[in-house]
file work.cif (mmCIF, C-alpha atoms)
data_target
#
loop_
_atom_site.label_atom_id
_atom_site.label_comp_id
_atom_site.auth_asym_id
_atom_site.auth_seq_id
_atom_site.Cartn_x
_atom_site.Cartn_y
_atom_site.Cartn_z
CA MET K 1 53.41 -5.99 -43.99
CA ALA K 2 54.12 -6.48 -47.68
CA ARG K 3 57.18 -8.64 -48.26
CA ARG K 4 59.18 -8.16 -51.39
CA SER K 5 62.01 -10.48 -50.59
CA VAL K 6 65.39 -10.24 -52.31
CA PRO K 7 66.45 -13.78 -53.33
CA LEU K 8 69.18 -15.19 -51.07
CA ALA K 9 71.68 -15.59 -53.91
CA VAL K 10 71.12 -11.98 -54.98
CA PHE K 11 71.53 -10.81 -51.38
CA VAL K 12 74.84 -12.67 -50.91
CA ALA K 13 76.14 -11.56 -54.32
CA ALA K 14 75.24 -7.94 -53.55
CA GLY K 15 76.94 -8.15 -50.15
CA LEU K 16 80.11 -9.56 -51.69
CA ALA K 17 79.99 -6.82 -54.34
CA VAL K 18 79.89 -4.20 -51.58
CA ALA K 19 82.87 -5.85 -49.81
CA ILE K 20 84.82 -5.95 -53.09
CA ALA K 21 83.94 -2.33 -53.88
CA LEU K 22 85.16 -1.25 -50.43
CA VAL K 23 88.49 -3.04 -51.03
CA VAL K 24 88.89 -1.57 -54.53
CA PHE K 25 87.74 2.00 -53.93
CA VAL K 26 88.25 2.70 -50.22
CA ALA K 27 91.09 0.48 -48.93
CA PRO K 28 93.80 2.31 -50.95
CA HIS K 29 92.72 5.51 -49.17
CA ALA K 30 92.57 4.01 -45.66
CA SER K 31 94.40 5.88 -42.91
CA SER K 32 98.05 4.88 -42.66
CA SER K 33 98.31 6.13 -39.07
CA PRO K 34 98.96 3.52 -36.37
CA ASP K 35 95.72 2.11 -34.96
CA GLY K 36 94.57 2.56 -31.38
CA LEU K 37 96.44 -0.46 -30.00
CA GLU K 38 99.61 0.29 -31.95
CA LYS K 39 99.64 3.95 -30.84
CA VAL K 40 99.06 3.17 -27.15
CA ALA K 41 101.72 0.43 -27.33
CA ALA K 42 104.23 2.89 -28.80
CA ASP K 43 103.36 5.63 -26.28
CA HIS K 44 103.75 3.33 -23.27
CA GLY K 45 106.68 1.22 -24.47
CA ILE K 46 104.52 -1.90 -24.67
CA ASP K 47 105.98 -2.53 -28.13
CA ARG K 48 109.56 -2.69 -26.82
CA ASN K 49 109.53 -6.48 -26.94
CA ALA K 50 107.39 -6.85 -30.05
CA ARG K 51 108.67 -9.34 -32.58
CA ALA K 52 107.91 -9.47 -36.27
CA SER K 53 105.46 -12.19 -37.24
CA ALA K 54 106.96 -15.51 -38.33
CA VAL K 55 105.20 -14.93 -41.66
CA ALA K 56 106.32 -11.28 -42.01
CA ASP K 57 108.16 -12.18 -45.23
CA GLY K 58 105.10 -13.84 -46.76
CA PRO K 59 103.94 -12.74 -50.22
CA LEU K 60 100.92 -10.86 -48.82
CA ALA K 61 102.41 -9.60 -45.52
CA GLY K 62 101.12 -6.17 -44.48
CA TYR K 63 98.16 -6.30 -46.90
CA GLY K 64 100.34 -5.86 -49.98
CA VAL K 65 101.64 -8.11 -52.72
CA SER K 66 105.43 -8.35 -52.62
CA GLY K 67 106.96 -7.23 -55.89
CA VAL K 68 104.05 -5.00 -56.90
CA GLY K 69 105.28 -1.40 -57.02
CA ASP K 70 101.93 0.37 -57.23
CA ASP K 71 100.67 0.70 -53.63
CA ALA K 72 97.00 0.91 -54.59
CA VAL K 73 97.15 -2.14 -56.86
CA SER K 74 99.11 -4.03 -54.21
CA THR K 75 96.52 -3.25 -51.53
CA ILE K 76 93.58 -4.06 -53.80
CA VAL K 77 94.95 -7.44 -54.93
CA ALA K 78 95.85 -8.42 -51.35
CA GLY K 79 92.39 -7.38 -50.17
CA LEU K 80 90.61 -9.33 -52.92
CA VAL K 81 92.62 -12.44 -52.05
CA GLY K 82 91.67 -11.98 -48.38
CA VAL K 83 87.96 -11.49 -49.11
CA THR K 84 87.91 -14.56 -51.36
CA VAL K 85 89.84 -16.84 -49.01
CA THR K 86 87.75 -15.74 -46.02
CA PHE K 87 84.45 -16.31 -47.84
CA VAL K 88 85.47 -19.73 -49.18
CA VAL K 89 86.86 -20.96 -45.84
CA VAL K 90 83.87 -19.78 -43.79
CA ALA K 91 81.10 -20.75 -46.21
CA GLY K 92 82.84 -24.10 -46.89
CA GLY K 93 83.32 -24.71 -43.17
CA MET K 94 79.68 -23.91 -42.43
CA TRP K 95 78.56 -26.24 -45.22
CA LEU K 96 80.68 -29.06 -43.76
CA LEU K 97 79.39 -28.39 -40.22
CA ARG K 98 75.82 -28.59 -41.43
CA ARG K 99 76.41 -31.70 -43.50
CA ARG K 100 77.94 -33.39 -40.48
CA ARG K 101 74.85 -32.61 -38.47
CA LEU K 102 72.60 -34.10 -41.14
CA ASP K 103 74.79 -37.25 -41.16
CA THR K 104 74.61 -37.68 -37.40
CA ARG K 105 70.88 -37.03 -37.43
CA ALA K 106 70.26 -40.32 -39.22
CA GLU K 107 71.72 -42.16 -36.22
CA PRO K 108 69.86 -42.62 -32.93
CA ALA K 109 69.66 -39.30 -31.10
CA PRO K 110 72.60 -39.01 -28.68
CA GLY K 111 70.59 -37.56 -25.85
CA MET M 1 99.23 0.08 -41.80
CA LEU M 2 95.88 -1.62 -42.36
CA ALA M 3 94.11 -3.28 -39.43
CA MET M 4 96.72 -4.19 -36.74
CA HIS M 5 96.13 -6.80 -34.10
CA ILE M 6 98.27 -7.82 -31.10
CA PRO M 7 101.71 -8.88 -32.40
CA ASP M 8 104.09 -11.40 -30.83
CA GLY M 9 105.91 -10.13 -27.75
CA PHE M 10 103.37 -7.66 -26.28
CA VAL M 11 102.22 -10.35 -23.84
CA ASP M 12 104.45 -13.14 -22.48
CA GLY M 13 104.42 -16.79 -23.54
CA PRO M 14 102.50 -18.38 -20.65
CA THR M 15 99.72 -15.79 -20.84
CA SER M 16 99.52 -16.16 -24.62
CA LEU M 17 99.34 -19.93 -24.24
CA GLY M 18 96.59 -19.66 -21.63
CA ALA M 19 94.69 -17.34 -23.97
CA ALA M 20 95.14 -19.83 -26.81
CA LEU M 21 93.66 -22.64 -24.68
CA LEU M 22 90.68 -20.46 -23.73
CA ALA M 23 90.29 -19.51 -27.40
CA ILE M 24 90.26 -23.19 -28.40
CA ALA M 25 87.53 -23.85 -25.84
CA VAL M 26 85.50 -20.93 -27.23
CA ILE M 27 85.97 -22.22 -30.80
CA ALA M 28 85.00 -25.78 -29.83
CA TYR M 29 81.84 -24.54 -28.08
CA SER M 30 81.01 -22.28 -31.03
CA LEU M 31 81.46 -25.15 -33.52
CA ARG M 32 79.20 -27.38 -31.45
CA MET M 33 76.47 -24.77 -31.09
CA THR M 34 76.72 -23.72 -34.74
CA ALA M 35 76.46 -27.32 -35.94
CA ARG M 36 73.35 -27.69 -33.79
CA THR M 37 71.55 -24.51 -34.84
CA LEU M 38 72.76 -23.44 -38.29
CA ASP M 39 70.07 -23.09 -40.91
CA GLU M 40 70.87 -24.10 -44.50
CA ARG M 41 70.29 -20.63 -45.95
CA GLU M 42 72.69 -19.17 -43.37
CA VAL M 43 75.68 -21.05 -44.85
CA PRO M 44 76.52 -18.43 -47.51
CA VAL M 45 75.43 -15.59 -45.20
CA VAL M 46 78.06 -16.51 -42.57
CA GLY M 47 80.66 -16.57 -45.37
CA LEU M 48 79.48 -13.15 -46.53
CA VAL M 49 79.64 -11.73 -43.00
CA ALA M 50 83.23 -12.97 -42.56
CA ALA M 51 84.32 -11.63 -45.96
CA PHE M 52 82.64 -8.30 -45.20
CA VAL M 53 84.37 -8.02 -41.81
CA PHE M 54 87.71 -8.80 -43.48
CA ALA M 55 87.14 -6.08 -46.10
CA VAL M 56 86.01 -3.43 -43.62
CA GLN M 57 88.89 -4.19 -41.23
CA MET M 58 91.18 -2.95 -44.02
CA LEU M 59 89.51 0.46 -43.91
CA ASN M 60 91.37 2.22 -41.12
CA PHE M 61 89.71 5.55 -40.38
CA PRO M 62 91.43 8.47 -38.60
CA VAL M 63 90.34 9.06 -35.00
CA ALA M 64 92.73 11.51 -33.31
CA ASN M 65 96.36 12.62 -32.94
CA GLY M 66 97.76 10.56 -35.80
CA THR M 67 95.82 7.51 -34.64
CA SER M 68 93.47 5.36 -36.68
CA GLY M 69 90.87 2.75 -35.88
CA HIS M 70 89.20 -0.07 -37.72
CA LEU M 71 86.13 -2.23 -37.33
CA LEU M 72 86.48 -5.23 -35.04
CA GLY M 73 83.24 -6.70 -36.37
CA GLY M 74 82.20 -9.00 -33.53
CA VAL M 75 78.83 -7.35 -32.90
CA LEU M 76 78.09 -7.03 -36.63
CA ALA M 77 78.78 -10.74 -37.10
CA ALA M 78 76.83 -11.80 -34.00
CA VAL M 79 73.75 -9.70 -34.80
CA MET M 80 73.76 -11.00 -38.39
CA VAL M 81 74.33 -14.73 -37.82
CA GLY M 82 74.27 -15.21 -34.04
CA PRO M 83 77.11 -15.28 -31.52
CA TYR M 84 78.16 -18.88 -32.28
CA ALA M 85 78.63 -18.60 -36.04
CA GLY M 86 79.61 -14.95 -35.59
CA ALA M 87 82.49 -15.84 -33.28
CA LEU M 88 83.64 -18.45 -35.81
CA ALA M 89 83.45 -15.93 -38.66
CA VAL M 90 85.58 -13.42 -36.73
CA THR M 91 88.03 -16.19 -35.73
CA VAL M 92 88.57 -17.21 -39.37
CA VAL M 93 89.16 -13.55 -40.29
CA LEU M 94 91.83 -13.35 -37.56
CA VAL M 95 93.47 -16.61 -38.64
CA VAL M 96 93.55 -15.54 -42.31
CA GLN M 97 95.01 -12.16 -41.30
CA ALA M 98 97.68 -13.74 -39.09
CA LEU M 99 98.71 -16.45 -41.58
CA LEU M 100 98.48 -14.65 -44.92
CA PHE M 101 98.86 -10.98 -44.04
CA ALA M 102 101.17 -11.13 -40.97
CA ASP M 103 98.61 -9.00 -39.08
CA GLY M 104 98.64 -10.17 -35.47
CA GLY M 105 101.29 -12.51 -34.12
CA LEU M 106 100.86 -16.26 -34.42
CA SER M 107 101.55 -16.66 -30.68
CA ALA M 108 99.07 -13.82 -29.98
CA LEU M 109 96.24 -15.40 -32.00
CA GLY M 110 94.50 -16.65 -28.85
CA LEU M 111 94.59 -13.16 -27.34
CA ASN M 112 93.14 -11.66 -30.50
CA VAL M 113 90.41 -14.33 -30.67
CA ILE M 114 89.45 -13.58 -27.06
CA ASN M 115 89.31 -9.82 -27.61
CA MET M 116 87.39 -9.88 -30.88
CA ALA M 117 85.44 -13.16 -30.97
CA LEU M 118 84.75 -13.92 -27.28
CA VAL M 119 84.44 -10.30 -26.12
CA GLY M 120 83.28 -8.90 -29.49
CA ALA M 121 80.77 -11.52 -30.60
CA TYR M 122 79.59 -13.13 -27.34
CA LEU M 123 79.83 -10.25 -24.85
CA GLY M 124 78.89 -7.80 -27.60
CA TYR M 125 75.78 -9.85 -28.40
CA GLY M 126 74.89 -9.80 -24.70
CA VAL M 127 75.06 -6.01 -24.74
CA PHE M 128 72.93 -6.02 -27.91
CA LEU M 129 70.24 -8.12 -26.21
CA ILE M 130 70.16 -5.80 -23.19
CA VAL M 131 69.88 -2.66 -25.32
CA ARG M 132 67.27 -4.29 -27.58
CA ARG M 133 65.21 -5.10 -24.51
CA LEU M 134 65.52 -1.54 -23.21
CA LEU M 135 64.39 -0.15 -26.58
CA GLY M 136 61.40 -2.48 -26.77
CA ARG M 137 60.94 -5.79 -28.55
CA SER M 138 60.32 -4.54 -32.06
CA PRO M 139 62.20 -4.83 -35.37
CA ALA M 140 62.89 -1.10 -35.15
CA SER M 141 65.06 -1.74 -32.07
CA VAL M 142 67.50 -4.06 -33.86
CA THR M 143 69.58 -1.50 -35.76
CA PRO M 144 70.04 1.03 -32.91
CA ALA M 145 70.76 -1.78 -30.44
CA ALA M 146 73.40 -3.18 -32.81
CA GLY M 147 74.94 0.29 -33.10
CA VAL M 148 75.08 0.83 -29.33
CA ALA M 149 76.51 -2.65 -28.69
CA ALA M 150 79.09 -2.09 -31.44
CA PHE M 151 80.10 1.18 -29.79
CA CYS M 152 80.72 -0.73 -26.54
CA ALA M 153 82.63 -3.65 -28.10
CA PRO M 154 85.96 -1.93 -28.86
CA VAL M 155 85.93 -0.41 -25.37
CA LEU M 156 85.34 -3.85 -23.83
CA ALA M 157 88.09 -5.27 -26.07
CA SER M 158 90.48 -2.55 -24.89
CA VAL M 159 89.70 -3.49 -21.28
CA ALA M 160 90.34 -7.16 -22.15
CA PHE M 161 93.72 -6.24 -23.66
CA THR M 162 94.61 -4.22 -20.57
CA ILE M 163 93.81 -7.22 -18.35
CA GLU M 164 95.92 -9.48 -20.59
CA TYR M 165 98.76 -6.98 -20.43
CA ALA M 166 98.42 -6.70 -16.65
CA ILE M 167 98.78 -10.49 -16.40
CA GLY M 168 101.48 -11.08 -18.95
CA GLY M 169 102.97 -7.74 -19.95
CA ASN M 170 106.67 -7.88 -20.62
CA ASP M 171 107.39 -4.44 -19.22
CA ALA M 172 106.88 -2.70 -15.92
CA VAL M 173 104.46 -0.13 -17.33
CA SER M 174 101.73 1.58 -15.32
CA ILE M 175 98.59 -0.49 -15.95
CA GLY M 176 96.38 2.46 -14.99
CA ALA M 177 97.98 4.61 -17.66
CA VAL M 178 97.67 1.85 -20.25
CA ALA M 179 94.00 1.35 -19.34
CA ALA M 180 93.24 5.06 -19.60
CA SER M 181 94.93 5.38 -22.99
CA MET M 182 93.42 2.18 -24.37
CA ILE M 183 89.88 3.00 -23.24
CA GLY M 184 90.17 6.63 -24.34
CA VAL M 185 91.14 5.84 -27.92
CA HIS M 186 88.71 2.91 -28.18
CA VAL M 187 85.78 5.11 -27.20
CA LEU M 188 86.58 7.07 -30.37
CA ILE M 189 87.03 3.87 -32.41
CA GLY M 190 83.74 2.64 -30.93
CA ILE M 191 81.92 5.56 -32.56
CA GLY M 192 83.16 4.33 -35.96
CA GLU M 193 82.35 0.73 -35.05
CA GLY M 194 78.82 1.73 -34.00
CA VAL M 195 78.14 3.75 -37.15
CA ILE M 196 79.50 1.08 -39.54
CA THR M 197 77.59 -1.69 -37.75
CA ALA M 198 74.33 0.27 -37.67
CA VAL M 199 74.59 1.11 -41.38
CA ALA M 200 75.32 -2.53 -42.32
CA VAL M 201 72.62 -4.02 -40.07
CA GLY M 202 70.17 -1.32 -41.15
CA ALA M 203 70.75 -2.18 -44.81
CA VAL M 204 70.07 -5.88 -44.20
CA MET M 205 67.02 -5.08 -42.04
CA ALA M 206 65.65 -3.15 -45.02
CA ALA M 207 66.40 -5.86 -47.60
CA ARG M 208 66.12 -9.20 -45.79
CA PRO M 209 65.18 -8.78 -42.10
CA ASP M 210 64.50 -12.54 -41.95
CA LEU M 211 68.26 -13.14 -42.34
CA VAL M 212 69.14 -11.05 -39.26
CA TYR M 213 69.67 -13.39 -36.29
CA GLY M 214 69.23 -10.49 -33.86
CA ALA M 215 65.73 -9.85 -35.25
CA ARG M 216 64.47 -13.41 -34.74
CA GLY M 217 61.21 -13.55 -32.90
CA LEU M 218 60.50 -9.88 -33.59
CA LEU M 219 59.30 -10.02 -37.19
CA VAL M 220 55.58 -10.05 -37.93
CA ALA M 221 55.49 -12.38 -40.91
CA GLU M 222 57.57 -15.22 -39.50
CA PRO M 223 56.53 -18.01 -37.14
CA ALA M 224 57.76 -16.01 -34.18
CA THR M 225 58.29 -18.84 -31.76
CA ALA M 226 59.93 -21.34 -34.13
CA PRO M 227 63.24 -22.41 -32.62
CA ALA M 228 66.34 -22.05 -34.77
CA VAL M 229 66.74 -25.81 -35.11
CA ALA M 230 63.31 -26.43 -36.57
CA ASN M 231 63.93 -26.33 -40.30
CA VAL M 232 62.98 -28.72 -43.08
CA ALA M 233 62.58 -32.08 -41.44
#
call {"tool": "encode", "arguments": {"input": "work.cif", "output": "structure tokens"}}
result
Amino acid sequence: MARRSVPLAVFVAAGLAVAIALVVFVAPHASSSPDGLEKVAADHGIDRNARASAVADGPLAGYGVSGVGDDAVSTIVAGLVGVTVTFVVVAGGMWLLRRRRLDTRAEPAPG
Amino acid sequence: MLAMHIPDGFVDGPTSLGAALLAIAVIAYSLRMTARTLDEREVPVVGLVAAFVFAVQMLNFPVANGTSGHLLGGVLAAVMVGPYAGALAVTVVLVVQALLFADGGLSALGLNVINMALVGAYLGYGVFLIVRRLLGRSPASVTPAAGVAAFCAPVLASVAFTIEYAIGGNDAVSIGAVAASMIGVHVLIGIGEGVITAVAVGAVMAARPDLVYGARGLLVAEPATAPAVANVA
């Protein structure tokens, strides 16, 4: 089996580009209908006691940027912030987890 | 409305607290197992998977009767980077959504982690392994098995929600009716989940099959029996 491997950095960059493209080109056209859980909750009165989130007044609440009038721009900017924060937190967290393991490896094996 | 997870108030305080404690146990176990098994090159890949799940969760697609659905992403994450790191990736997505985007209540975070990380990534990965075995241990089985498991995951998550609501629902609503509605709509959402997951996994299987956790041990050109922990010593 011939292997023409895409370099890891290229693979990750391409994947992030796809995620960003989905946010920019598709998210503004996403369905605005309630999702499955929300619809069932409304139909059965499950949402009667629902409370707004404690951060419902946050600057990005509801996947929009408060103060931005253009809905598409608002959605896109919120989405790009979310993609960036998620990538940085997860990749950074994984890097720390791995580094911790390498640190503990130098000590006598715990078991 | 983009995405939309369980908000505060659907399920009562004690049940939400119990779910949060179970979620913490799942996260602690996942951290421990990830620290033990994570390969260096997987570090950016787990970040990519989480960012991708966040992006695709924004893409609500219509299913029926003025109802939409969105990817949950647990199976996609687990097949790509394994159930441990996959559950952590989905958990961070849920935390970011709850804190920054007010999607999903803060008190309901444990419930959402159970339904999408524990049920989605761990149980979903279990379904993936069963289907992969039924299809035959070959790289060609990975993408269809991921698709089938991803179809099942939203249905399993809807059952999990129904159980949570049966335990801690704040209203005297017929649980049978809730279960029927939840499962019915999540079968439709599961079709979308299965297609999106199969397309994404299929694309990675074409480009870098060696990065797909769910294909480990099936690829010809790799040391098939090398355990995940055995990297550069």
call {"tool": "closest_residue", "arguments": {"input": "work.cif", "among": "K:Leu96, K:Ala61, K:Ala13, K:Pro28", "to": "chain M", "atoms": "all atoms listed in the file"}}
result
K:Ala61
call {"tool": "closest_residue", "arguments": {"input": "work.cif", "among": "K:Val12, K:Val55, K:Val24, K:Val77", "to": "Leu100 (chain M)", "atoms": "only C-alpha atoms"}}
result
K:Val55
call {"tool": "resolve_selection", "arguments": {"input": "work.cif", "expression": "the PyMOL selection byres ((chain K and resi 65) around 12)", "output": "number ranges by chain"}}
result
K: 57-64, 66-82; M: 100-101
call {"tool": "atom_distance", "arguments": {"input": "work.cif", "atom1": "CA of Ile191 (chain M)", "atom2": "CA of Phe151 (chain M)"}}
result
5.5 Å
call {"tool": "interface_residues", "arguments": {"input": "work.cif", "of": "chain K", "to": "chain M", "cutoff": "6 Å", "atoms": "all atoms listed in the file", "output": "MDAnalysis selection string"}}
result
chainID K and resid 19 23 27 30:36 49:51 53 55:56 60:63 83 86:87 90:91 94:95 97:98
call {"tool": "atom_distance", "arguments": {"input": "work.cif", "atom1": "CA of Val89 (chain K)", "atom2": "CA of Leu109 (chain M)"}}
result
17.6 Å
call {"tool": "atom_distance", "arguments": {"input": "work.cif", "atom1": "CA of Met116 (chain M)", "atom2": "CA of Thr15 (chain M)"}}
result
17.0 Å
call {"tool": "residues_around", "arguments": {"input": "work.cif", "residues": "Gly74 (chain M)", "least_positions_apart": "3", "cutoff": "6 Å", "atoms": "all atoms listed in the file", "output": "ChimeraX atom specification"}}
result
/M:77,116-117,120-121
call {"tool": "resolve_selection", "arguments": {"input": "work.cif", "expression": "the PyMOL selection byres ((chain M and resi 201) around 10)", "output": "list in words"}}
result
Leu76, Ala77, Val79, Met80, Val142, Thr143, Pro144, Ala146, Gly147, Val195, Ile196, Thr197, Ala198, Val199, Ala200, Gly202, Ala203, Val204, Met205, Ala206, Ala207, Pro209, Val212 and Gly214 of chain M
call {"tool": "resolve_selection", "arguments": {"input": "work.cif", "expression": "the PyMOL selection byres ((chain M and resi 126) around 12)", "output": "VMD selection string"}}
result
chain M and resid 74 to 75 78 to 79 82 to 83 118 to 125 127 to 133 145 to 146 148 to 150 152 to 153 214
call {"tool": "write_last_selection", "arguments": {"input": "work.cif", "atoms": "C-alpha atoms", "output": "short mmCIF file (atom, residue, chain, number, x, y, z; two decimals), in the frame of the given file"}}
result
data_model
loop_
_atom_site.label_atom_id
_atom_site.label_comp_id
_atom_site.auth_asym_id
_atom_site.auth_seq_id
_atom_site.Cartn_x
_atom_site.Cartn_y
_atom_site.Cartn_z
CA GLY M 74 82.20 -9.00 -33.53
CA VAL M 75 78.83 -7.35 -32.90
CA ALA M 78 76.83 -11.80 -34.00
CA VAL M 79 73.75 -9.70 -34.80
CA GLY M 82 74.27 -15.21 -34.04
CA PRO M 83 77.11 -15.28 -31.52
CA LEU M 118 84.75 -13.92 -27.28
CA VAL M 119 84.44 -10.30 -26.12
CA GLY M 120 83.28 -8.90 -29.49
CA ALA M 121 80.77 -11.52 -30.60
CA TYR M 122 79.59 -13.13 -27.34
CA LEU M 123 79.83 -10.25 -24.85
CA GLY M 124 78.89 -7.80 -27.60
CA TYR M 125 75.78 -9.85 -28.40
CA VAL M 127 75.06 -6.01 -24.74
CA PHE M 128 72.93 -6.02 -27.91
CA LEU M 129 70.24 -8.12 -26.21
CA ILE M 130 70.16 -5.80 -23.19
CA VAL M 131 69.88 -2.66 -25.32
CA ARG M 132 67.27 -4.29 -27.58
CA ARG M 133 65.21 -5.10 -24.51
CA ALA M 145 70.76 -1.78 -30.44
CA ALA M 146 73.40 -3.18 -32.81
CA VAL M 148 75.08 0.83 -29.33
CA ALA M 149 76.51 -2.65 -28.69
CA ALA M 150 79.09 -2.09 -31.44
CA CYS M 152 80.72 -0.73 -26.54
CA ALA M 153 82.63 -3.65 -28.10
CA GLY M 214 69.23 -10.49 -33.86
#
call {"tool": "build_atoms", "arguments": {"input": "work.cif", "residues": "region 45-66 of chain K", "atoms": "N, CA and C atoms", "output": "PDB file, in the frame of the given file"}}
result
ATOM      1  N   GLY K  45     105.550   2.145 -24.408  1.00  0.00           N
ATOM      2  CA  GLY K  45     106.680   1.220 -24.470  1.00  0.00           C
ATOM      3  C   GLY K  45     106.282  -0.242 -24.425  1.00  0.00           C
ATOM      4  N   ILE K  46     104.980  -0.510 -24.665  1.00  0.00           N
ATOM      5  CA  ILE K  46     104.520  -1.900 -24.670  1.00  0.00           C
ATOM      6  C   ILE K  46     105.145  -2.653 -25.843  1.00  0.00           C
ATOM      7  N   ASP K  47     105.471  -1.891 -26.904  1.00  0.00           N
ATOM      8  CA  ASP K  47     105.980  -2.530 -28.130  1.00  0.00           C
ATOM      9  C   ASP K  47     107.482  -2.793 -28.079  1.00  0.00           C
ATOM     10  N   ARG K  48     108.107  -2.531 -26.932  1.00  0.00           N
ATOM     11  CA  ARG K  48     109.560  -2.690 -26.820  1.00  0.00           C
ATOM     12  C   ARG K  48     109.993  -4.116 -27.133  1.00  0.00           C
ATOM     13  N   ASN K  49     109.164  -5.074 -26.736  1.00  0.00           N
ATOM     14  CA  ASN K  49     109.530  -6.480 -26.940  1.00  0.00           C
ATOM     15  C   ASN K  49     108.811  -7.115 -28.124  1.00  0.00           C
ATOM     16  N   ALA K  50     108.148  -6.291 -28.921  1.00  0.00           N
ATOM     17  CA  ALA K  50     107.390  -6.850 -30.050  1.00  0.00           C
ATOM     18  C   ALA K  50     108.341  -7.520 -31.036  1.00  0.00           C
ATOM     19  N   ARG K  51     107.883  -8.638 -31.563  1.00  0.00           N
ATOM     20  CA  ARG K  51     108.670  -9.340 -32.580  1.00  0.00           C
ATOM     21  C   ARG K  51     107.874  -9.372 -33.879  1.00  0.00           C
ATOM     22  N   ALA K  52     108.597  -9.369 -34.982  1.00  0.00           N
ATOM     23  CA  ALA K  52     107.910  -9.470 -36.270  1.00  0.00           C
ATOM     24  C   ALA K  52     107.270 -10.848 -36.363  1.00  0.00           C
ATOM     25  N   SER K  53     106.144 -10.907 -37.056  1.00  0.00           N
ATOM     26  CA  SER K  53     105.460 -12.190 -37.240  1.00  0.00           C
ATOM     27  C   SER K  53     106.363 -13.171 -37.973  1.00  0.00           C
ATOM     28  N   ALA K  54     106.186 -14.456 -37.659  1.00  0.00           N
ATOM     29  CA  ALA K  54     106.960 -15.510 -38.330  1.00  0.00           C
ATOM     30  C   ALA K  54     106.677 -15.524 -39.831  1.00  0.00           C
ATOM     31  N   VAL K  55     105.538 -14.949 -40.228  1.00  0.00           N
ATOM     32  CA  VAL K  55     105.200 -14.930 -41.660  1.00  0.00           C
ATOM     33  C   VAL K  55     105.328 -13.520 -42.238  1.00  0.00           C
ATOM     34  N   ALA K  56     106.165 -12.677 -41.571  1.00  0.00           N
ATOM     35  CA  ALA K  56     106.320 -11.280 -42.010  1.00  0.00           C
ATOM     36  C   ALA K  56     106.925 -11.163 -43.399  1.00  0.00           C
ATOM     37  N   ASP K  57     107.574 -12.228 -43.881  1.00  0.00           N
ATOM     38  CA  ASP K  57     108.160 -12.180 -45.230  1.00  0.00           C
ATOM     39  C   ASP K  57     107.251 -12.842 -46.258  1.00  0.00           C
ATOM     40  N   GLY K  58     106.045 -13.188 -45.849  1.00  0.00           N
ATOM     41  CA  GLY K  58     105.100 -13.840 -46.760  1.00  0.00           C
ATOM     42  C   GLY K  58     104.746 -12.930 -47.933  1.00  0.00           C
ATOM     43  N   PRO K  59     104.228 -13.514 -49.006  1.00  0.00           N
ATOM     44  CA  PRO K  59     103.940 -12.740 -50.220  1.00  0.00           C
ATOM     45  C   PRO K  59     102.850 -11.687 -50.067  1.00  0.00           C
ATOM     46  N   LEU K  60     102.017 -11.820 -49.000  1.00  0.00           N
ATOM     47  CA  LEU K  60     100.920 -10.860 -48.820  1.00  0.00           C
ATOM     48  C   LEU K  60     101.070 -10.084 -47.500  1.00  0.00           C
ATOM     49  N   ALA K  61     102.220 -10.210 -46.838  1.00  0.00           N
ATOM     50  CA  ALA K  61     102.410  -9.600 -45.520  1.00  0.00           C
ATOM     51  C   ALA K  61     102.122  -8.094 -45.573  1.00  0.00           C
ATOM     52  N   GLY K  62     101.432  -7.596 -44.540  1.00  0.00           N
ATOM     53  CA  GLY K  62     101.120  -6.170 -44.480  1.00  0.00           C
ATOM     54  C   GLY K  62     100.082  -5.725 -45.490  1.00  0.00           C
ATOM     55  N   TYR K  63      99.235  -6.625 -45.949  1.00  0.00           N
ATOM     56  CA  TYR K  63      98.160  -6.300 -46.900  1.00  0.00           C
ATOM     57  C   TYR K  63      98.712  -5.687 -48.181  1.00  0.00           C
ATOM     58  N   GLY K  64      99.796  -6.285 -48.694  1.00  0.00           N
ATOM     59  CA  GLY K  64     100.340  -5.860 -49.980  1.00  0.00           C
ATOM     60  C   GLY K  64     100.923  -7.076 -50.666  1.00  0.00           C
ATOM     61  N   VAL K  65     101.062  -6.997 -51.972  1.00  0.00           N
ATOM     62  CA  VAL K  65     101.640  -8.110 -52.720  1.00  0.00           C
ATOM     63  C   VAL K  65     103.106  -7.791 -52.962  1.00  0.00           C
ATOM     64  N   SER K  66     104.010  -8.655 -52.466  1.00  0.00           N
ATOM     65  CA  SER K  66     105.430  -8.350 -52.620  1.00  0.00           C
ATOM     66  C   SER K  66     105.787  -8.338 -54.110  1.00  0.00           C
TER      67      SER K  66
END
